[in-house]
$ cat model.cif   # mmCIF, C-alpha atoms, pLDDT in the B column; chains and numbers go by the auth columns
data_query
loop_
_atom_site.group_PDB
_atom_site.id
_atom_site.type_symbol
_atom_site.label_atom_id
_atom_site.label_comp_id
_atom_site.label_asym_id
_atom_site.label_seq_id
_atom_site.Cartn_x
_atom_site.Cartn_y
_atom_site.Cartn_z
_atom_site.B_iso_or_equiv
_atom_site.auth_seq_id
_atom_site.auth_asym_id
ATOM 1 C CA MET A 1 135.634 100.580 86.307 66.00 136 T
ATOM 2 C CA ARG A 2 133.166 99.797 89.083 87.00 137 T
ATOM 3 C CA ILE A 3 134.064 101.838 92.161 91.00 138 T
ATOM 4 C CA ARG A 4 132.547 100.603 95.428 94.00 139 T
ATOM 5 C CA PHE A 5 133.783 103.460 97.602 95.00 140 T
ATOM 6 C CA ILE A 6 136.421 106.176 97.841 95.00 141 T
ATOM 7 C CA LEU A 7 138.170 107.097 101.083 96.00 142 T
ATOM 8 C CA VAL A 8 140.683 109.817 101.850 96.00 143 T
ATOM 9 C CA GLN A 9 142.216 109.275 105.280 96.00 144 T
ATOM 10 C CA ASN A 10 145.101 110.781 107.171 94.00 145 T
ATOM 11 C CA ARG A 11 147.882 108.747 108.789 92.00 146 T
ATOM 12 C CA GLN A 12 145.991 108.523 112.083 93.00 147 T
ATOM 13 C CA GLY A 13 142.951 107.010 110.379 92.00 148 T
ATOM 14 C CA LYS A 14 140.649 110.011 110.457 95.00 149 T
ATOM 15 C CA THR A 15 138.521 110.054 107.339 96.00 150 T
ATOM 16 C CA ARG A 16 138.716 113.375 105.512 94.00 151 T
ATOM 17 C CA LEU A 17 136.531 112.442 102.547 94.00 152 T
ATOM 18 C CA GLU A 18 134.304 109.479 101.799 96.00 153 T
ATOM 19 C CA LYS A 19 132.005 108.576 98.939 96.00 154 T
ATOM 20 C CA TRP A 20 130.000 105.346 98.897 96.00 155 T
ATOM 21 C CA TYR A 21 128.575 103.839 95.706 94.00 156 T
ATOM 22 C CA GLY A 22 126.506 101.144 97.336 89.00 157 T
ATOM 23 C CA ASN A 23 124.139 100.518 100.191 92.00 158 T
ATOM 24 C CA TYR A 24 126.196 100.231 103.353 92.00 159 T
ATOM 25 C CA SER A 25 124.859 100.745 106.848 94.00 160 T
ATOM 26 C CA GLU A 26 126.637 103.203 109.144 95.00 161 T
ATOM 27 C CA GLN A 27 128.084 100.276 111.103 96.00 162 T
ATOM 28 C CA GLU A 28 129.432 98.648 107.925 95.00 163 T
ATOM 29 C CA ARG A 29 130.938 101.938 106.795 95.00 164 T
ATOM 30 C CA ASN A 30 132.761 102.457 110.081 95.00 165 T
ATOM 31 C CA LYS A 31 134.049 98.895 110.026 96.00 166 T
ATOM 32 C CA LEU A 32 135.249 99.211 106.414 95.00 167 T
ATOM 33 C CA LYS A 33 136.962 102.540 107.105 96.00 168 T
ATOM 34 C CA ALA A 34 138.871 101.044 110.036 95.00 169 T
ATOM 35 C CA GLU A 35 139.828 97.895 108.093 94.00 170 T
ATOM 36 C CA VAL A 36 141.003 99.846 105.063 94.00 171 T
ATOM 37 C CA HIS A 37 143.134 102.148 107.189 95.00 172 T
ATOM 38 C CA ARG A 38 144.699 99.252 109.101 93.00 173 T
ATOM 39 C CA THR A 39 145.473 97.462 105.856 92.00 174 T
ATOM 40 C CA VAL A 40 146.884 100.423 103.955 92.00 175 T
ATOM 41 C CA ALA A 41 148.794 102.185 106.742 90.00 176 T
ATOM 42 C CA SER A 42 150.674 99.054 107.789 89.00 177 T
ATOM 43 C CA ARG A 43 152.116 98.373 104.333 85.00 178 T
ATOM 44 C CA ASP A 44 155.723 99.122 103.401 81.00 179 T
ATOM 45 C CA GLN A 45 155.605 101.936 100.828 76.00 180 T
ATOM 46 C CA LYS A 46 158.947 101.064 99.243 76.00 181 T
ATOM 47 C CA HIS A 47 158.665 97.293 98.866 79.00 182 T
ATOM 48 C CA GLN A 48 154.970 96.557 98.383 85.00 183 T
ATOM 49 C CA SER A 49 152.556 97.494 95.619 88.00 184 T
ATOM 50 C CA ASN A 50 149.630 99.872 95.918 90.00 185 T
ATOM 51 C CA PHE A 51 147.118 97.078 95.274 92.00 186 T
ATOM 52 C CA VAL A 52 145.569 95.041 98.094 92.00 187 T
ATOM 53 C CA GLU A 53 143.044 92.225 97.886 92.00 188 T
ATOM 54 C CA PHE A 54 140.216 93.194 100.225 90.00 189 T
ATOM 55 C CA HIS A 55 137.246 90.904 100.805 88.00 190 T
ATOM 56 C CA ASN A 56 135.993 90.166 97.270 92.00 191 T
ATOM 57 C CA HIS A 57 137.330 93.458 95.904 94.00 192 T
ATOM 58 C CA ARG A 58 140.610 95.278 95.510 95.00 193 T
ATOM 59 C CA ILE A 59 141.852 98.385 97.303 95.00 194 T
ATOM 60 C CA ILE A 60 143.993 100.628 95.147 95.00 195 T
ATOM 61 C CA TYR A 61 145.624 103.408 97.101 94.00 196 T
ATOM 62 C CA ARG A 62 148.229 106.109 96.880 93.00 197 T
ATOM 63 C CA ARG A 63 149.743 108.262 99.606 92.00 198 T
ATOM 64 C CA TYR A 64 150.098 111.983 98.993 90.00 199 T
ATOM 65 C CA ALA A 65 151.357 114.382 101.691 86.00 200 T
ATOM 66 C CA GLY A 66 150.201 112.278 104.631 89.00 201 T
ATOM 67 C CA LEU A 67 146.830 111.374 103.115 93.00 202 T
ATOM 68 C CA PHE A 68 145.843 107.967 101.794 95.00 203 T
ATOM 69 C CA PHE A 69 143.600 108.106 98.713 96.00 204 T
ATOM 70 C CA CYS A 70 141.876 104.706 98.538 95.00 205 T
ATOM 71 C CA PHE A 71 139.553 103.360 95.856 96.00 206 T
ATOM 72 C CA CYS A 72 137.738 100.055 96.327 95.00 207 T
ATOM 73 C CA VAL A 73 137.070 98.460 92.937 95.00 208 T
ATOM 74 C CA ASP A 74 136.199 95.070 91.487 93.00 209 T
ATOM 75 C CA THR A 75 139.051 92.575 91.184 91.00 210 T
ATOM 76 C CA ASN A 76 138.892 92.484 87.382 91.00 211 T
ATOM 77 C CA ASP A 77 139.321 96.258 86.964 91.00 212 T
ATOM 78 C CA ASN A 78 142.520 97.797 85.624 91.00 213 T
ATOM 79 C CA GLU A 79 144.704 98.813 88.576 91.00 214 T
ATOM 80 C CA LEU A 80 146.864 101.230 86.610 93.00 215 T
ATOM 81 C CA ALA A 81 143.840 103.100 85.281 93.00 216 T
ATOM 82 C CA CYS A 82 142.614 103.478 88.846 93.00 217 T
ATOM 83 C CA LEU A 83 146.012 104.761 90.002 94.00 218 T
ATOM 84 C CA GLU A 84 145.888 107.287 87.174 95.00 219 T
ATOM 85 C CA ALA A 85 142.390 108.350 88.294 93.00 220 T
ATOM 86 C CA ILE A 86 143.710 108.880 91.834 94.00 221 T
ATOM 87 C CA HIS A 87 146.591 110.975 90.489 94.00 222 T
ATOM 88 C CA LEU A 88 144.213 113.066 88.367 95.00 223 T
ATOM 89 C CA PHE A 89 141.930 113.586 91.375 92.00 224 T
ATOM 90 C CA VAL A 90 144.891 114.813 93.464 93.00 225 T
ATOM 91 C CA GLU A 91 146.030 117.168 90.691 93.00 226 T
ATOM 92 C CA ILE A 92 142.517 118.618 90.424 93.00 227 T
ATOM 93 C CA LEU A 93 142.351 119.153 94.182 90.00 228 T
ATOM 94 C CA ASP A 94 145.781 120.832 94.114 90.00 229 T
ATOM 95 C CA SER A 95 144.819 123.182 91.304 92.00 230 T
ATOM 96 C CA TYR A 96 141.468 124.021 92.915 92.00 231 T
ATOM 97 C CA HIS A 97 143.060 124.864 96.268 87.00 232 T
ATOM 98 C CA GLY A 98 145.995 126.687 94.675 82.00 233 T
ATOM 99 C CA ASN A 99 148.796 124.380 95.832 71.00 234 T
#
$ encode --input "model.cif" --output "structure tokens"
Amino acid sequence: MRIRFILVQNRQGKTRLEKWYGNYSEQERNKLKAEVHRTVASRDQKHQSNFVEFHNHRIIYRRYAGLFFCFCVDTNDNELACLEAIHLFVEILDSYHGN
């Protein structure tokens, strides 16, 4: 699985956590953060999947307690494995913070 970047954003679009696995300028990062939030927040949670084609990559996201956990990966990566990685990440954060 080749992860390009990881974003954790709230419903208003404020980025709470970001990790970049490539060379992106500050301007590119801000543009990508805004585009990802617009794309993910506008989707219908009940009737649309958690996978979005994004530029030449794929955004795989999951919403937990008002936060969007978004992974940008290559299009040929396994989406379900990435969703499982997001779920594991959330469980680890919960156990660390005692929730």
$ residues_around --input "model.cif" --residues "region 175-178 of chain T" --least-positions-apart "2" --cutoff "10 Å" --atoms "only C-alpha atoms" --output "number ranges by chain"
T: 144-148, 170-173, 180-187, 194-198, 203-205
$ write_last_selection --input "model.cif" --atoms "C-alpha atoms" --output "PDB file, keeping the file's coordinate frame"
ATOM      1  CA  GLN T 144     142.216 109.275 105.280  1.00 96.00           C
ATOM      2  CA  ASN T 145     145.101 110.781 107.171  1.00 94.00           C
ATOM      3  CA  ARG T 146     147.882 108.747 108.789  1.00 92.00           C
ATOM      4  CA  GLN T 147     145.991 108.523 112.083  1.00 93.00           C
ATOM      5  CA  GLY T 148     142.951 107.010 110.379  1.00 92.00           C
ATOM      6  CA  GLU T 170     139.828  97.895 108.093  1.00 94.00           C
ATOM      7  CA  VAL T 171     141.003  99.846 105.063  1.00 94.00           C
ATOM      8  CA  HIS T 172     143.134 102.148 107.189  1.00 95.00           C
ATOM      9  CA  ARG T 173     144.699  99.252 109.101  1.00 93.00           C
ATOM     10  CA  GLN T 180     155.605 101.936 100.828  1.00 76.00           C
ATOM     11  CA  LYS T 181     158.947 101.064  99.243  1.00 76.00           C
ATOM     12  CA  HIS T 182     158.665  97.293  98.866  1.00 79.00           C
ATOM     13  CA  GLN T 183     154.970  96.557  98.383  1.00 85.00           C
ATOM     14  CA  SER T 184     152.556  97.494  95.619  1.00 88.00           C
ATOM     15  CA  ASN T 185     149.630  99.872  95.918  1.00 90.00           C
ATOM     16  CA  PHE T 186     147.118  97.078  95.274  1.00 92.00           C
ATOM     17  CA  VAL T 187     145.569  95.041  98.094  1.00 92.00           C
ATOM     18  CA  ILE T 194     141.852  98.385  97.303  1.00 95.00           C
ATOM     19  CA  ILE T 195     143.993 100.628  95.147  1.00 95.00           C
ATOM     20  CA  TYR T 196     145.624 103.408  97.101  1.00 94.00           C
ATOM     21  CA  ARG T 197     148.229 106.109  96.880  1.00 93.00           C
ATOM     22  CA  ARG T 198     149.743 108.262  99.606  1.00 92.00           C
ATOM     23  CA  PHE T 203     145.843 107.967 101.794  1.00 95.00           C
ATOM     24  CA  PHE T 204     143.600 108.106  98.713  1.00 96.00           C
ATOM     25  CA  CYS T 205     141.876 104.706  98.538  1.00 95.00           C
TER      26      CYS T 205
END
$ residues_around --input "model.cif" --residues "Val208 (chain T)" --least-positions-apart "6" --cutoff "7 Å" --atoms "all atoms listed in the file" --output "PyMOL selection string"
chain T and resi 137-139+192-194
$ atom_distance --input "model.cif" --atom1 "CA of Leu142 (chain T)" --atom2 "CA of Thr174 (chain T)"
13.0 Å
$ residues_near_point --input "model.cif" --point "(140.9, 110.0, 88.7)" --cutoff "12 Å" --atoms "all atoms listed in the file" --output "ChimeraX atom specification"
/T:136,138,141,195-197,204-206,214-228
$ write_last_selection --input "model.cif" --atoms "C-alpha atoms" --output "tab-separated table (two decimals), in the coordinates of the input"
chain	number	residue	atom	x	y	z
T	136	MET	CA	135.63	100.58	86.31
T	138	ILE	CA	134.06	101.84	92.16
T	141	ILE	CA	136.42	106.18	97.84
T	195	ILE	CA	143.99	100.63	95.15
T	196	TYR	CA	145.62	103.41	97.10
T	197	ARG	CA	148.23	106.11	96.88
T	204	PHE	CA	143.60	108.11	98.71
T	205	CYS	CA	141.88	104.71	98.54
T	206	PHE	CA	139.55	103.36	95.86
T	214	GLU	CA	144.70	98.81	88.58
T	215	LEU	CA	146.86	101.23	86.61
T	216	ALA	CA	143.84	103.10	85.28
T	217	CYS	CA	142.61	103.48	88.85
T	218	LEU	CA	146.01	104.76	90.00
T	219	GLU	CA	145.89	107.29	87.17
T	220	ALA	CA	142.39	108.35	88.29
T	221	ILE	CA	143.71	108.88	91.83
T	222	HIS	CA	146.59	110.98	90.49
T	223	LEU	CA	144.21	113.07	88.37
T	224	PHE	CA	141.93	113.59	91.38
T	225	VAL	CA	144.89	114.81	93.46
T	226	GLU	CA	146.03	117.17	90.69
T	227	ILE	CA	142.52	118.62	90.42
T	228	LEU	CA	142.35	119.15	94.18
$ residues_around --input "model.cif" --residues "Asn158 (chain T)" --least-positions-apart "4" --cutoff "12 Å" --atoms "only C-alpha atoms" --output "PyMOL selection string"
chain T and resi 139-140+154+162-164
$ atom_distance --input "model.cif" --atom1 "CA of Phe189 (chain T)" --atom2 "CA of Asn165 (chain T)"
15.4 Å
$ atom_distance --input "model.cif" --atom1 "CA of Gly157 (chain T)" --atom2 "CA of Cys207 (chain T)"
11.3 Å
$ closest_residue --input "model.cif" --among "T:Lys168, T:Thr150, T:Glu161, T:Asp229" --to "Ala200 (chain T)" --atoms "only C-alpha atoms"
T:Asp229
